[in-house]
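See below for my_file_18.cif, which holds mmCIF, C-alpha atoms.
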```cif
data_upload
#
loop_
_atom_site.label_atom_id
_atom_site.label_comp_id
_atom_site.auth_asym_id
_atom_site.auth_seq_id
_atom_site.Cartn_x
_atom_site.Cartn_y
_atom_site.Cartn_z
CA MET A 16 6.15 -44.59 -42.40
CA SER A 17 9.46 -45.36 -43.97
CA ILE A 18 12.23 -47.36 -42.34
CA PRO A 19 14.44 -44.30 -41.53
CA GLU A 20 11.46 -42.57 -39.85
CA LEU A 21 10.79 -45.65 -37.72
CA ILE A 22 14.42 -45.87 -36.65
CA LEU A 23 14.51 -42.15 -35.84
CA THR A 24 11.28 -42.45 -33.81
CA TYR A 25 12.68 -45.45 -31.93
CA VAL A 26 15.93 -43.64 -31.08
CA VAL A 27 14.14 -40.44 -30.00
CA VAL A 28 11.72 -42.36 -27.77
CA LEU A 29 14.58 -44.36 -26.26
CA LEU A 30 16.67 -41.25 -25.52
CA ALA A 31 13.66 -39.41 -24.08
CA SER A 32 12.84 -42.31 -21.76
CA LEU A 33 16.49 -42.56 -20.60
CA THR A 34 16.53 -38.83 -19.92
CA GLY A 35 13.28 -39.09 -17.96
CA VAL A 36 14.60 -41.97 -15.84
CA GLY A 37 17.83 -40.02 -15.18
CA ILE A 38 15.96 -36.90 -14.06
CA TYR A 39 13.60 -38.96 -11.89
CA SER A 40 16.45 -40.80 -10.16
CA GLU A 41 18.35 -37.54 -9.52
CA LEU A 42 15.28 -35.89 -7.98
CA ARG A 43 14.66 -38.96 -5.84
CA ARG A 44 18.29 -39.05 -4.67
CA ARG A 45 18.20 -35.38 -3.67
CA ARG A 46 14.95 -35.85 -1.75
CA PHE A 47 16.33 -38.61 0.49
CA GLU A 48 19.89 -37.30 0.89
CA PRO A 49 20.71 -35.71 4.26
CA THR A 50 21.00 -31.94 4.23
CA PRO A 51 24.47 -30.50 4.80
CA SER A 52 25.14 -29.29 8.33
CA GLU A 53 25.99 -25.68 9.08
CA ASP A 54 28.32 -26.73 11.91
CA ARG A 55 32.08 -26.26 11.71
CA ILE A 56 34.50 -29.14 12.17
CA PHE A 57 37.30 -28.95 14.74
CA ARG A 58 40.24 -31.25 15.43
CA CYS A 59 42.11 -31.02 18.70
CA GLY A 60 45.85 -30.48 18.35
CA ARG A 61 46.60 -32.19 21.65
CA CYS A 62 44.42 -35.33 21.77
CA GLY A 63 43.32 -35.57 18.10
CA TYR A 64 39.60 -35.64 18.92
CA VAL A 65 37.36 -34.52 16.02
CA TYR A 66 34.15 -32.68 16.94
CA THR A 67 31.70 -30.08 15.63
CA ASP A 68 30.46 -26.77 16.97
CA ASP A 69 28.19 -23.96 15.81
CA ALA A 70 28.99 -22.11 12.59
CA ASP A 71 29.35 -18.74 14.34
CA VAL A 72 32.38 -19.66 16.50
CA ASP A 73 35.99 -19.32 15.30
CA ARG A 74 37.59 -21.27 18.15
CA SER A 75 36.06 -24.04 20.20
CA ARG A 76 37.06 -25.91 23.35
CA CYS A 77 37.80 -29.64 22.98
CA VAL A 78 35.31 -31.72 24.94
CA GLN A 79 37.99 -34.34 25.77
CA CYS A 80 40.94 -32.29 27.03
CA GLY A 81 39.73 -28.65 27.13
CA ARG A 82 42.20 -27.15 24.64
CA MET A 83 41.00 -24.31 22.37
CA ASN A 84 41.19 -25.19 18.66
CA LYS A 85 40.64 -23.48 15.33
CA ALA A 86 38.21 -24.87 12.77
CA ILE A 87 39.46 -27.15 9.99
CA GLU A 88 39.46 -25.46 6.58
CA PHE A 89 38.81 -27.70 3.58
#
```
How would this structure read if it were set down as C-alpha cells?
Amino acid sequence: MSIPELILTYVVVLLASLTGVGIYSELRRRRFEPTPSEDRIFRCGRCGYVYTDDADVDRSRCVQCGRMNKAIEF
C-alpha cells in the first residue's frame, strides 16, 4: 500500500467510527428520554396556577380557584 492509500484508509475508518458512535449515542438518548405527554397545559388568569388536563378538553377548571381557563398555545 502506498502512503496516500494508508492516509485515505485511516481517514475513512476514523470518520466511519465517529459516525457509528454518533448514531449509537442518538439511539441511546432517544431510548431513555421521556415520551411527550398528550395533555394540554393551562394557566389560570386569576391565580396564575399552571396545570395540565386531558388533550380532548378546550377549557379546564383551575384546581386552586375554580376559574375556567383556555389552554396555552405555544
Margin query: So that I can check the surroundings of stretch 40-54 of chain A, please list as a PyMOL selection string every protein, DNA and RNA residue that reaches within 7 Å of it, counting all atoms listed in the file and ignoring chain neighbours fewer than 6 positions away.
Written below: chain A and resi 67-70
Residue subset to file, keeping C-alpha atoms, as a compact mmCIF listing (two decimals), in the coordinates of the input:
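The resulting part.txt:
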```
# COMPACT_ATOMS: atom_id res chain seq x y z
CA THR A 67 31.70 -30.08 15.63
CA ASP A 68 30.46 -26.77 16.97
CA ASP A 69 28.19 -23.96 15.81
CA ALA A 70 28.99 -22.11 12.59
```
Next item on the list: Quick one: pull the distance between atom CA of A:Gly37 and atom CA of A:Pro19, Å, one decimal.
Entry: 26.9 Å
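Proximity to A:Arg58 was assessed for A:Ile87, A:Val72, A:Leu30, A:Gln79 counting only C-alpha atoms; the smallest distance is recorded for A:Ile87.
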Contacts of A:Asn84 within 8 Å, all atoms listed in the file, excl. fewer than 3 positions in-chain, as a PDB file with C-alpha atoms, in the frame of the given file:
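Dumped everything to result-v2.pdb:
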```
ATOM      1  CA  PHE A  57      37.300 -28.950  14.740  1.00  0.00           C
ATOM      2  CA  ARG A  58      40.240 -31.250  15.430  1.00  0.00           C
ATOM      3  CA  CYS A  59      42.110 -31.020  18.700  1.00  0.00           C
ATOM      4  CA  GLY A  60      45.850 -30.480  18.350  1.00  0.00           C
ATOM      5  CA  ARG A  74      37.590 -21.270  18.150  1.00  0.00           C
ATOM      6  CA  SER A  75      36.060 -24.040  20.200  1.00  0.00           C
ATOM      7  CA  ARG A  76      37.060 -25.910  23.350  1.00  0.00           C
ATOM      8  CA  CYS A  77      37.800 -29.640  22.980  1.00  0.00           C
TER       9      CYS A  77
END
```
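Across the structure, atom CA of A:Met16 and atom CA of A:Val36 are spaced 28.0 Å apart.
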Checklist line | Residue nearest A:Ala86 - candidates A:Ile56, A:Ile18, A:Leu23, A:Ala31, atoms counted: only C-alpha atoms | finding: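 Among the listed residues, A:Ile56 lies closest to A:Ala86.
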Check: A:Val78: which residues within 10 Å, counting only C-alpha atoms, same-chain residues fewer than 2 positions away excluded, as number ranges by chain?
Finding: A: 59, 64-66, 75-76, 80-83
Next item on the list: Using atom CA of A:Tyr39 and atom CA of A:Ile22 as the two end points, give the distance in Å to one decimal.
Entry: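 A separation of 25.7 Å between them.
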